[in-house]
Amino acid sequence: MSTIAEWKKHLAIMWFAQVMGMSAITGVVSFLPLYITHLGVTSLEETEIWAGVLMGVAALFAGLSGPYWGAIGDRKGRKPMVERVMLMFSLVMIAMAFVTNVYQLLILRIIQGIFGGFTAAALALVTSVTPEEEIGFTMGIFQTAMVVGGAFGPMFGGIVADHVGYRQTFVVFGLLCLVALVVIHYAVTERFTPGTQAAKPSVSRDIKSIVIIPGIKSMLLVLFLIQFAIQVIAPVMPLYVQTMVGDSTYIASISGTVIAVAGLTSSISSASMGLLGRFFRHRAILITAAALGAVFFYLQALAADVLTLGALRALSGFCLGAMIPSANTIITYLIPPEKRGVAYGVTTGAALMGNVIGPLSGGFIALHFGIGAVFWCTAFFFAMTAGWVGFRVKEVA
């Protein structure tokens, strides 16, 4: 098998694994608030609080532990780290089916986060087996797996939960993660050569060595701003749609469609990044996408009807799909190959902090300043991202 055929095979396998991992994460979140009510939490206010805590705590601990696991992956190999995450995902998901109270569920969500996020480990593995000249293409294709998994998971989770029950759905997702683990174990080959013991600094020094690389701190802020801007709008979008359509019987379907359309265009955009990156610099793509994203999110605050909102969401999706793979490609070129595990742990941690803080901020802003202010805030942060990249990030790819 040729080298080119091999890296493409590995990319396809890891794409499948990423879809399974993202489907499990987002699929569980789709019915988690309903599951809480079956664990003895009956008050609506308490259910909302617990739902927010349980959704955010896994991302928080994954962001904190990600750099550590990335550093271990640079020492022992990236494939074992991916397998570890998938194994823990599988075990934790299945265990969630047997909890008897919300505190046990909280502990399992924390454990899930402590053992790290799947995306950082998968990125390190897939880029380690990809030729340098194909990094941009790989980043774009891999990003589509995150989008597809994020869109497919809630739909699949809801269908399964409605037909077999909440507890059984956890088992289904756990088994899907186990299937992905088996496929990775037998189908992905990593030619990893560990460094000499003398050349291995402490994990904390590994992390510090990444942070001090010129340009990395700027990109950490960029990733945080991107994810913050994306997530800050998540809690208010259904409410915003409701203000346009009134008390429609199909409010959930309409809202879901408006949200999903951005995911569809984002996946198309991400898949195009490999080709677009051959003609334009990734820094230029990132600046342009962030600037246009600011415009489209500002216009969403002015949308008069749901069709206009949906069209603007589609346009903003193209921007989002371009930004994340471009940012990750820039980071990949900034760091040495042997440090990619810890680097992706650090950068994914910054993005996860945006995932945690964004929704909390969105609810606060909407409560005190109105729903429209959330869109203006999102536009501001995208504009800030474009300016920051333009002035602080140097051209590398």
# chains A, B, ... in the order shown; residues from 1 in each chain; ligands from 1

call {"tool": "residues_around", "arguments": {"residues": "Ser361 in chain A", "least_positions_apart": "6", "cutoff": "12 Å", "atoms": "only C-alpha atoms", "output": "PyMOL selection string"}}
result
chain A and resi 228-236+353-355+367-369+371+373-374+377-378

call {"tool": "residues_around", "arguments": {"residues": "range 342-352 of chain A", "least_positions_apart": "5", "cutoff": "6 Å", "atoms": "only C-alpha atoms", "output": "list of chain:residue names"}}
result
A:Ala59, A:Gly63, A:Gly66, A:Pro67, A:Gly70, A:Ala71, A:Ala120, A:Leu220, A:Leu223, A:Phe224, A:Gln227

call {"tool": "closest_atom_pairs", "arguments": {"of": "range 312-342 of chain A", "to": "range 387-392 of chain A", "cutoff": "12 Å", "atoms": "only C-alpha atoms", "output": "CSV"}}
result
residue,atom,partner,partner_atom,distance
A:Met323,CA,A:Val389,CA,11.3
A:Ser326,CA,A:Val389,CA,11.5
A:Ala327,CA,A:Val389,CA,9.7
A:Ile330,CA,A:Val389,CA,10.9

call {"tool": "write_last_selection", "arguments": {"atoms": "C-alpha atoms", "output": "compact mmCIF listing (two decimals), in the first residue's frame"}}
result
# COMPACT_ATOMS: atom_id res chain seq x y z
CA MET A 323 -12.52 29.38 10.54
CA SER A 326 -7.91 27.29 9.10
CA ALA A 327 -7.02 28.09 12.72
CA ILE A 330 -2.02 27.53 11.30

call {"tool": "select_by_dssp", "arguments": {"residues": "range 85-152 of chain A", "states": "helix (DSSP H, G or I)", "output": "VMD selection string"}}
result
chain A and resid 85 to 96 102 to 114 118 to 128 132 to 152

call {"tool": "residues_around", "arguments": {"residues": "Leu105 in chain A", "least_positions_apart": "5", "cutoff": "9 Å", "atoms": "only C-alpha atoms", "output": "PyMOL selection string"}}
result
chain A and resi 36+54+95-96+99-100+110

call {"tool": "write_last_selection", "arguments": {"atoms": "C-alpha atoms", "output": "PDB file, in the first residue's frame"}}
result
ATOM      1  CA  ILE A  36     -32.558  14.243  35.007  1.00  0.00           C
ATOM      2  CA  LEU A  54     -23.908  18.395  33.675  1.00  0.00           C
ATOM      3  CA  ALA A  95     -22.399   3.299  33.408  1.00  0.00           C
ATOM      4  CA  MET A  96     -24.706   6.319  32.995  1.00  0.00           C
ATOM      5  CA  VAL A  99     -27.186   5.627  37.886  1.00  0.00           C
ATOM      6  CA  THR A 100     -29.896   6.083  40.492  1.00  0.00           C
ATOM      7  CA  ILE A 110     -16.520  14.543  35.642  1.00  0.00           C
TER       8      ILE A 110
END

call {"tool": "decode", "arguments": {"residues": "range 309-342 of chain A", "atoms": "N, CA, C and O atoms", "output": "compact mmCIF listing (two decimals), in the first residue's frame"}}
result
# COMPACT_ATOMS: atom_id res chain seq x y z
N LEU A 309 -33.71 34.85 8.70
CA LEU A 309 -32.80 34.34 9.73
C LEU A 309 -32.11 33.06 9.26
O LEU A 309 -30.90 32.90 9.43
N GLY A 310 -32.89 32.16 8.66
CA GLY A 310 -32.32 30.91 8.18
C GLY A 310 -31.27 31.13 7.10
O GLY A 310 -30.23 30.48 7.09
N ALA A 311 -31.54 32.08 6.18
CA ALA A 311 -30.58 32.38 5.12
C ALA A 311 -29.28 32.94 5.69
O ALA A 311 -28.17 32.58 5.26
N LEU A 312 -29.42 33.82 6.68
CA LEU A 312 -28.23 34.40 7.31
C LEU A 312 -27.48 33.36 8.12
O LEU A 312 -26.23 33.39 8.19
N ARG A 313 -28.21 32.44 8.74
CA ARG A 313 -27.55 31.33 9.45
C ARG A 313 -26.75 30.47 8.49
O ARG A 313 -25.66 30.01 8.80
N ALA A 314 -27.31 30.25 7.30
CA ALA A 314 -26.59 29.46 6.30
C ALA A 314 -25.29 30.15 5.90
O ALA A 314 -24.23 29.51 5.79
N LEU A 315 -25.35 31.45 5.68
CA LEU A 315 -24.16 32.21 5.30
C LEU A 315 -23.13 32.22 6.42
O LEU A 315 -21.92 32.08 6.18
N SER A 316 -23.59 32.38 7.66
CA SER A 316 -22.66 32.35 8.78
C SER A 316 -22.04 30.97 8.94
O SER A 316 -20.89 30.84 9.38
N GLY A 317 -22.78 29.91 8.58
CA GLY A 317 -22.24 28.56 8.64
C GLY A 317 -21.05 28.37 7.72
O GLY A 317 -20.07 27.70 8.08
N PHE A 318 -21.09 28.97 6.53
CA PHE A 318 -19.94 28.92 5.63
C PHE A 318 -18.71 29.52 6.30
O PHE A 318 -17.59 29.02 6.15
N CYS A 319 -18.92 30.61 7.03
CA CYS A 319 -17.81 31.28 7.72
C CYS A 319 -17.25 30.41 8.84
O CYS A 319 -16.03 30.26 8.98
N LEU A 320 -18.15 29.84 9.64
CA LEU A 320 -17.71 28.99 10.75
C LEU A 320 -16.94 27.78 10.25
O LEU A 320 -15.94 27.38 10.84
N GLY A 321 -17.42 27.19 9.15
CA GLY A 321 -16.75 26.02 8.60
C GLY A 321 -15.36 26.31 8.09
O GLY A 321 -14.52 25.41 8.02
N ALA A 322 -15.09 27.55 7.73
CA ALA A 322 -13.77 27.94 7.26
C ALA A 322 -12.83 28.30 8.40
O ALA A 322 -11.61 28.10 8.30
N MET A 323 -13.37 28.83 9.48
CA MET A 323 -12.52 29.38 10.54
C MET A 323 -11.77 28.32 11.34
O MET A 323 -10.55 28.44 11.55
N ILE A 324 -12.46 27.30 11.80
CA ILE A 324 -11.82 26.34 12.70
C ILE A 324 -10.73 25.53 12.01
O ILE A 324 -9.61 25.43 12.54
N PRO A 325 -10.96 24.92 10.84
CA PRO A 325 -9.86 24.20 10.19
C PRO A 325 -8.70 25.11 9.81
O PRO A 325 -7.54 24.69 9.86
N SER A 326 -8.98 26.36 9.43
CA SER A 326 -7.91 27.29 9.10
C SER A 326 -7.07 27.60 10.33
O SER A 326 -5.83 27.63 10.28
N ALA A 327 -7.74 27.82 11.47
CA ALA A 327 -7.02 28.09 12.72
C ALA A 327 -6.18 26.89 13.12
O ALA A 327 -5.01 27.03 13.51
N ASN A 328 -6.75 25.68 13.02
CA ASN A 328 -6.00 24.48 13.40
C ASN A 328 -4.83 24.22 12.45
O ASN A 328 -3.79 23.71 12.86
N THR A 329 -5.00 24.56 11.18
CA THR A 329 -3.90 24.40 10.23
C THR A 329 -2.75 25.34 10.57
O THR A 329 -1.58 24.94 10.53
N ILE A 330 -3.05 26.58 10.90
CA ILE A 330 -2.02 27.53 11.30
C ILE A 330 -1.27 27.01 12.52
O ILE A 330 -0.03 27.05 12.57
N ILE A 331 -2.01 26.49 13.50
CA ILE A 331 -1.38 25.94 14.71
C ILE A 331 -0.48 24.77 14.36
O ILE A 331 0.64 24.64 14.89
N THR A 332 -0.93 23.91 13.46
CA THR A 332 -0.14 22.74 13.08
C THR A 332 1.20 23.14 12.49
O THR A 332 2.24 22.52 12.77
N TYR A 333 1.22 24.20 11.68
CA TYR A 333 2.47 24.66 11.09
C TYR A 333 3.35 25.41 12.08
O TYR A 333 4.56 25.54 11.86
N LEU A 334 2.77 25.87 13.18
CA LEU A 334 3.56 26.59 14.19
C LEU A 334 4.35 25.65 15.10
O LEU A 334 5.36 26.04 15.67
N ILE A 335 3.87 24.42 15.27
CA ILE A 335 4.44 23.52 16.25
C ILE A 335 5.22 22.39 15.57
O ILE A 335 4.89 21.96 14.46
N PRO A 336 6.27 21.88 16.22
CA PRO A 336 7.00 20.74 15.67
C PRO A 336 6.15 19.47 15.74
O PRO A 336 5.34 19.32 16.67
N PRO A 337 6.30 18.55 14.79
CA PRO A 337 5.46 17.35 14.76
C PRO A 337 5.48 16.54 16.05
O PRO A 337 4.47 15.97 16.45
N GLU A 338 6.64 16.46 16.71
CA GLU A 338 6.74 15.65 17.92
C GLU A 338 6.02 16.25 19.12
O GLU A 338 5.87 15.61 20.15
N LYS A 339 5.54 17.50 18.97
CA LYS A 339 4.83 18.17 20.07
C LYS A 339 3.33 18.33 19.79
O LYS A 339 2.63 19.02 20.54
N ARG A 340 2.82 17.72 18.76
CA ARG A 340 1.44 17.97 18.37
C ARG A 340 0.43 17.44 19.37
O ARG A 340 -0.66 17.99 19.51
N GLY A 341 0.75 16.38 20.07
CA GLY A 341 -0.18 15.85 21.05
C GLY A 341 -0.49 16.86 22.15
O GLY A 341 -1.64 17.20 22.41
N VAL A 342 0.57 17.36 22.81
CA VAL A 342 0.36 18.34 23.88
C VAL A 342 -0.17 19.65 23.32
O VAL A 342 -0.99 20.32 23.96
